[in-house]
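**Q** First, the structure itself, so that you have it in front of you.
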Amino acid sequence: MKKLMLALIGLATFAINLGVTTTLPFAAQETSTAPSAPWTALSGSVADLAMNADGQAYAVGRDGTVWRWDLVEIRWRPMSGKMQRITAAEGNRPWAVSGDGTVFRYNGLWWENRAEDVVDVAADILGNVYIAKNDGAIFKWYDLRSEWRPIPGRAVRLVLDYDGMLWAIAPDGTVQSFDGESWQAWNGRARDIAAGSTGQVGIATPEGDIRLLNDTAKVWSKLAGINDVISLVIAPDSAVWAVQADGDLYTNKPISSAGEQTRNQQARSANARSMTAEGIAVDTPSAPVQSAQSIVAPSVAPQTAVVKDSRPTEDRGSVVDQASITADDPITFFDTNKSADRIAIGKDGSIFALDADGNVLRWSNSRRDFESFPGSLVRIAVDPEGKPWGISNLGRVFFNTGVEWEQVRDATASNIAIGSDGTVVISDASGTLFEFDESSKRFNRIQGAGIDVAVSPDGVVWVINVDGFVQHCDDFPCKLLPQKATDISIGPDGRVWIVSDQGRLMRLKEDEATFEMVTTLGQEPRDVASGPNGLPWFVATDGSVYASSYFERDESADRMIAARSSGDTLGSGASESPVSDSPSAITFSKNMRFDVLDNGDIASGEAWIEAGNDELVYVYSLQDRKFTTYDERRRTFVSKSTQLGANSYEIDGFVVDSEGGIWADVNEMGQTTVVGLFRDFEGSLREYDDPCNTIEDLGMAPDDTLYVVCSFTSGNNRLYHKPSNSLTFRQIQTDVNISKVAVGRAQGIWIIDSNDKVRQWDGRNFVLRPRSGQEAQAISVGADGSVYIRINNDLAKWNSANQSFDTVNNIDISHLTVDHTGRPWITFDTTPDVKRARQ
C-alpha cells in the first residue's frame, strides 16, 4: 500500500503544481456548490483525473497540461502535450485524447499518435486499451501488431475495471458492460463512469449526482453530499475522487499532507473507511443491477538490501569491484508485476529475459518494465559488459555485438552461462562442457559434465549433473554437493543460488558445502539469476518476475542498441534441441514463410494432416481413404501401408503414438457399420473399449496419453483420457461442453467448446483464451507447447505475451497440425496444397 498512499497524498498537493486558469466550457460550472461532509476539497483546477490499480495517478489541468505523480520524488511532475482526457495504463505510459480528438500513447519520452476522431480512451495495467470514436464505434488496441480492431457496440465514455471488463456510456447516455462476448445494458443514464479495485463501479449522472454499484443490495446507490459532478475516479483504496463542473476537486476519503492542511484551513480531514452500503447515504434506484466481479491488485513497496563490505571477490590493484561486494541479509523480494520465462543478469546490472515464446526482453529501470529486444532464443546469458548471449531453438549459439546477433560457428548447446570475469561456458545435450576461446572465436572442450551450468567470478564451473545434484569443478573429478537442483546461478560476489528440486530458492552458505532456504513471498521459483552484490531475481512457476533490487546503470543507449540491432537468430549449420522444455520453434511475425511440398502419393480431394509422436507427419485422404507419410529424404509424401487403408475404412479422426500406431475413430468397416476406437499397428487392427456413445474427437499428448471427446444422447460432450500404459479411460471433470481437443507438453490441454470458443485447462476448469473469447474451427498443439488454430480459412498462433491469437496473414488453410519442433503444417483445398512452415 505504500505506493498507493504516496499517490493519494500527492493528490492533496494540487495547489502547488496545478495552478491553472483556463476553463473548459461546461454549462453547469457556475452552479457548483461546495459538498458537505465527508467530502474534502483539494486545491487546484482539474479537467480530468485518472489512477490505475497500482496507484499511479495522472491529471489534466483545465488548460490542458498533463501532470504525473512521481512516486519516487513524491511530487507532481508536468508532462508534455495538451490533452483533454487521460487514462492511466501499465507502467508510466498513459494514454490521452487531445482537444482535436487525437489519441496519444506516451512511450516514456514523447506522445505517439495512435488514432484520430476519438472522444475517449480507457486502459489498464493488464495492457488492455480501448477507444471510442466520434461516431461511437469502439476499437481495441493490439500492441504486438500496432493496430486497432473493432468490437461491437457504441460508446462515448469508457472505463476498464481491474479485472479487464469494459464499461461504457452509450451515445444515448445508458450504462453498459462488455464481458468479451456481449453487452449488458443497465437502466439509468450517466455522463461519466469509473471503476475501482474491489469491483466498485461509479457513475456521474446527467444531474451531477454520483451513484455507486452497491454489491450487497445489487442496486445503484446515491453517494450523498456532492453534486454537479462531471468526472470521477475510484482509487484502489475505494476512495472516490470527484471533479465538479467548475474544476474543483473533492474526495470523500482525504489523506492530507502538512502543507495541504495549511492551504486548506476549512477542509476537514476524515478517517479513511471502506466504501460500503452502510457507510453512505443511499436512495433506491428504479432498476436492480448485477454486481461486478472484483479483483484486488497487490501493492508492494520495493526494498533494497543493504550492502556490506564483507566478501570482496575481486581486487584489481587497490580498487574493489563494487559489484562483487555481497549484500547484507535479509533478502527481500517484491513483485515487479511483469512476466517472463527465463531471466539473466550481467555484472553491470543489465537484465535480459525471454518470454514464453522465446522473444528477447530487456529490463528498463526508468520504466519499470521489460522492453522488446530483437531476437528469439530459448536460453540467455549476459556478459560483464551487458551484452546478451543465447541459444536458439535449434541449439545454435549467438552473441550480440550491439549491431547484430553473431553466430559462434560449429557450436551447438542446450545451456549457457557467463561468469563476471567474462568466462563463457556451454553444455550440450549430452552434458559435455565447452569454454569459449576469445582469440579463435570457438568453444573448446573442458573437463566436467552437466545439464545446467553456472560460472563463478574466478572462472570455476558449477553444474547440475544428470542426476540433478549440484557439483563444482575447481578440481577433477568435480565435487558433488548433497543437494539437488533444477536451476543454478552465480553472481559477481561468488554466492551460488539454486532452485531446488522441491521448488525452493536456496543459496550456498559460507561453509560452501550446504545450502540455506530463502523466503520467496509464498511463490515457487523455477528460474533464478544473481546480479551485482549477490542480489537475485527469480521467475515463479506462473511466470511472474520477482526482484530483490533494481541495479542502477546508464540506460541511455539501450533503446538505440535495440533499434539498430538485427533480430536474426536463425543461423546455419548443425543444430540440436535444448535439454528441457523450450518455447516455440518458430520465430513468429505477421508473415510466416511456407514451403510447398510435393504431394507424391496423396490422392486428389480433401486431406487431413496429423503430426505423429514418432516425428512423422501423416496425411489421410478422404477420397481414397488411405494414409501417406512425408519422406524427408525424398521430399515427398509416400504411401503408408495400413489395415485401415487396405480396407478403405471410413474414419472421422486419427492420432499417431510414438511407435507409429494410428489410433482412429472408425465409422465403417467394410459394408457393416461399426463405430469404435481402433489402433492400427504393424499390420494388425485392434479395437479398444471407450466410454463414448460416439467419439467426437481424438487428441494425443507427447507422452502418448490418449484423449477422447465423447458425445452422449443427453447432448453433453465430455473429455476422457487414458495413459499409454493403461486400458482405462478416466473423465476430466468440467462443466464445459467440448467439441475438439489438442494436447501439448506437460499435459497442456486445449479445447474448442460447443460454441466454437478456444479454451485452456488451468488445472481446475477450461478457461477462455483469450478472456474475451476467440472462435475457431480447428486446433493443434505441438510437443513444444505451440498452439495454432484455424479461424475460417486463416491460421493463427497463440501469443502468450499479449494473451491473444496472432493471425498469419499470408496463408489459407483447410486442415492443420503442429510437428514436434513447433512448425505448423497445413493442407488447403482439394488439390490439395500441402505446406510446411520454415524453421
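Residue numbering restarts at 1 in every chain; chains get A, B, ... in the order shown in the C-alpha cells, and ligands count up from 1 in that same order.
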Just want the 8 Å neighbourhood of Asp487 in chain A, counted on only C-alpha atoms, with same-chain residues fewer than 5 positions away dropped. Output as a PyMOL selection string.
**A** chain A and resi 452+464+498-500+526-528
**Q** At a cut-off of 12 Å, using only C-alpha atoms, what residues contact Asn792 in chain A? Leave out same-chain residues fewer than 6 positions from it and give the result as a ChimeraX atom specification.
**A** /A:756,774-779,807,811-815,828
**Q** Can those selected residues be exported to a file as a PDB file, in the first residue's frame so that it contains N, CA, C and O atoms?
**A**
ATOM      1  N   ASP A 756     -17.722 -23.087 -30.238  1.00  0.00           N
ATOM      2  CA  ASP A 756     -16.564 -22.782 -31.095  1.00  0.00           C
ATOM      3  C   ASP A 756     -15.561 -21.847 -30.430  1.00  0.00           C
ATOM      4  O   ASP A 756     -14.746 -21.228 -31.123  1.00  0.00           O
ATOM      5  N   GLN A 774     -12.333 -16.393 -28.344  1.00  0.00           N
ATOM      6  CA  GLN A 774     -11.892 -16.488 -29.732  1.00  0.00           C
ATOM      7  C   GLN A 774     -12.534 -17.712 -30.363  1.00  0.00           C
ATOM      8  O   GLN A 774     -12.370 -18.830 -29.874  1.00  0.00           O
ATOM      9  N   GLU A 775     -13.259 -17.518 -31.461  1.00  0.00           N
ATOM     10  CA  GLU A 775     -13.858 -18.637 -32.168  1.00  0.00           C
ATOM     11  C   GLU A 775     -12.832 -19.295 -33.075  1.00  0.00           C
ATOM     12  O   GLU A 775     -11.968 -18.630 -33.653  1.00  0.00           O
ATOM     13  N   ALA A 776     -12.934 -20.601 -33.209  1.00  0.00           N
ATOM     14  CA  ALA A 776     -12.036 -21.360 -34.083  1.00  0.00           C
ATOM     15  C   ALA A 776     -12.744 -22.624 -34.527  1.00  0.00           C
ATOM     16  O   ALA A 776     -13.676 -23.105 -33.868  1.00  0.00           O
ATOM     17  N   GLN A 777     -12.276 -23.165 -35.647  1.00  0.00           N
ATOM     18  CA  GLN A 777     -12.856 -24.389 -36.177  1.00  0.00           C
ATOM     19  C   GLN A 777     -11.936 -25.589 -36.015  1.00  0.00           C
ATOM     20  O   GLN A 777     -12.366 -26.733 -36.148  1.00  0.00           O
ATOM     21  N   ALA A 778     -10.662 -25.358 -35.766  1.00  0.00           N
ATOM     22  CA  ALA A 778      -9.706 -26.452 -35.577  1.00  0.00           C
ATOM     23  C   ALA A 778      -8.577 -25.956 -34.687  1.00  0.00           C
ATOM     24  O   ALA A 778      -8.302 -24.756 -34.629  1.00  0.00           O
ATOM     25  N   ILE A 779      -7.906 -26.910 -33.994  1.00  0.00           N
ATOM     26  CA  ILE A 779      -6.815 -26.550 -33.088  1.00  0.00           C
ATOM     27  C   ILE A 779      -5.784 -27.657 -33.091  1.00  0.00           C
ATOM     28  O   ILE A 779      -6.112 -28.840 -33.219  1.00  0.00           O
ATOM     29  N   THR A 807      -2.866 -13.625 -36.116  1.00  0.00           N
ATOM     30  CA  THR A 807      -3.196 -14.195 -37.416  1.00  0.00           C
ATOM     31  C   THR A 807      -1.991 -14.164 -38.338  1.00  0.00           C
ATOM     32  O   THR A 807      -1.280 -13.161 -38.427  1.00  0.00           O
ATOM     33  N   ILE A 811      -1.373 -17.042 -45.577  1.00  0.00           N
ATOM     34  CA  ILE A 811      -1.623 -18.465 -45.787  1.00  0.00           C
ATOM     35  C   ILE A 811      -3.116 -18.749 -45.623  1.00  0.00           C
ATOM     36  O   ILE A 811      -3.772 -18.189 -44.752  1.00  0.00           O
ATOM     37  N   ASP A 812      -3.663 -19.594 -46.500  1.00  0.00           N
ATOM     38  CA  ASP A 812      -5.024 -20.097 -46.367  1.00  0.00           C
ATOM     39  C   ASP A 812      -4.956 -21.576 -46.032  1.00  0.00           C
ATOM     40  O   ASP A 812      -4.131 -22.313 -46.595  1.00  0.00           O
ATOM     41  N   ILE A 813      -5.842 -22.047 -45.162  1.00  0.00           N
ATOM     42  CA  ILE A 813      -5.750 -23.435 -44.719  1.00  0.00           C
ATOM     43  C   ILE A 813      -7.126 -24.092 -44.679  1.00  0.00           C
ATOM     44  O   ILE A 813      -8.153 -23.418 -44.539  1.00  0.00           O
ATOM     45  N   SER A 814      -7.116 -25.415 -44.793  1.00  0.00           N
ATOM     46  CA  SER A 814      -8.305 -26.229 -44.539  1.00  0.00           C
ATOM     47  C   SER A 814      -8.116 -27.071 -43.284  1.00  0.00           C
ATOM     48  O   SER A 814      -8.993 -27.165 -42.442  1.00  0.00           O
ATOM     49  N   HIS A 815      -6.918 -27.717 -43.172  1.00  0.00           N
ATOM     50  CA  HIS A 815      -6.588 -28.537 -42.004  1.00  0.00           C
ATOM     51  C   HIS A 815      -5.162 -28.214 -41.577  1.00  0.00           C
ATOM     52  O   HIS A 815      -4.342 -27.771 -42.386  1.00  0.00           O
ATOM     53  N   PHE A 828      -4.719 -27.414 -47.896  1.00  0.00           N
ATOM     54  CA  PHE A 828      -5.709 -26.449 -48.343  1.00  0.00           C
ATOM     55  C   PHE A 828      -6.324 -26.898 -49.658  1.00  0.00           C
ATOM     56  O   PHE A 828      -5.618 -27.383 -50.547  1.00  0.00           O
TER      57      PHE A 828
END
**Q** With distances taken over only C-alpha atoms, which residue among A:Pro824, A:Gly661, A:Pro384, A:Gly567 lies nearest Val360 in chain A?
**A**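 Among A:Pro824, A:Gly661, A:Pro384, A:Gly567, it is A:Gly567 that comes nearest to Val360 in chain A.
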**Q** With distances taken over only C-alpha atoms, which residue among A:Gly402, A:Pro152, A:Gly459, A:Gly683 lies nearest Ala417 in chain A?
**A**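 Residue with the minimum atom-to-atom distance to Ala417 in chain A: A:Gly459.
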**Q** Set the distance at 7 Å and use only C-alpha atoms: which residues neighbour Arg68 in chain A once local chain neighbours fewer than 3 positions away are removed? I'd like the list as a VMD selection string.
**A** chain A and resid 57 to 59 76 to 79
**Q** If you keep N, CA, C and O atoms, can you produce a file of those selected residues as an mmCIF file, in the first residue's frame?
**A**
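The result, stored in selection-v4.cif:
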data_model
loop_
_atom_site.group_PDB
_atom_site.id
_atom_site.type_symbol
_atom_site.label_atom_id
_atom_site.label_comp_id
_atom_site.auth_asym_id
_atom_site.auth_seq_id
_atom_site.Cartn_x
_atom_site.Cartn_y
_atom_site.Cartn_z
ATOM 1 N N ALA A 57 -1.097 7.928 -10.536
ATOM 2 C CA ALA A 57 -2.112 8.934 -10.838
ATOM 3 C C ALA A 57 -1.649 9.904 -11.911
ATOM 4 O O ALA A 57 -0.460 10.218 -12.034
ATOM 5 N N TYR A 58 -2.615 10.399 -12.693
ATOM 6 C CA TYR A 58 -2.399 11.430 -13.702
ATOM 7 C C TYR A 58 -3.545 12.422 -13.610
ATOM 8 O O TYR A 58 -4.658 12.076 -13.195
ATOM 9 N N ALA A 59 -3.287 13.647 -14.011
ATOM 10 C CA ALA A 59 -4.331 14.657 -14.042
ATOM 11 C C ALA A 59 -4.130 15.533 -15.270
ATOM 12 O O ALA A 59 -3.007 15.708 -15.763
ATOM 13 N N TRP A 76 4.166 16.121 -7.929
ATOM 14 C CA TRP A 76 3.607 16.146 -9.275
ATOM 15 C C TRP A 76 4.647 16.674 -10.255
ATOM 16 O O TRP A 76 5.359 17.634 -9.963
ATOM 17 N N ARG A 77 4.712 16.035 -11.422
ATOM 18 C CA ARG A 77 5.658 16.461 -12.463
ATOM 19 C C ARG A 77 4.865 16.759 -13.741
ATOM 20 O O ARG A 77 4.053 15.941 -14.176
ATOM 21 N N PRO A 78 5.101 17.923 -14.358
ATOM 22 C CA PRO A 78 4.396 18.220 -15.612
ATOM 23 C C PRO A 78 4.930 17.357 -16.746
ATOM 24 O O PRO A 78 6.102 17.007 -16.796
ATOM 25 N N MET A 79 4.042 17.003 -17.661
ATOM 26 C CA MET A 79 4.411 16.249 -18.848
ATOM 27 C C MET A 79 4.160 17.116 -20.080
ATOM 28 O O MET A 79 3.467 18.130 -20.018
#
**Q** Report, in Å with one decimal, the straight-line distance from CA of Leu213 in chain A to CA of Ile193 in chain A.
**A** 11.1 Å
**Q** Name the closest residue to Asn400 in chain A among the candidates A:Ile230, A:Val453, A:Val781, A:Ala562; distances are taken between atoms, counting only C-alpha atoms.
**A**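 Of the candidates, the smallest distance to Asn400 in chain A is held by A:Ala562.
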**Q** From the options A:Arg730, A:Pro477, A:Met51, A:Ala88, which residue's atoms come nearest to Trp241 in chain A, counting only C-alpha atoms?
**A** A:Met51
**Q** If you run DSSP over the backbone, which residues in range 512-757 of chain A end up helix (DSSP H, G or I)? Put them as a list in words.
**A** Pro532, Asn533, Gly534, Asp558, Arg559, Met560, Ile561, Ala562, Ala563, Arg564, Gln643, Leu644, Gly645, Ala646, Arg745, Ala746 and Gln747 of chain A
**Q** For Gln176 in chain A, which of A:Ala239, A:Val708, A:Ile446, A:Ala155 is the closest residue, counting only C-alpha atoms?
**A**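 Nearest candidate to Gln176 in chain A out of A:Ala239, A:Val708, A:Ile446, A:Ala155: A:Ala155.
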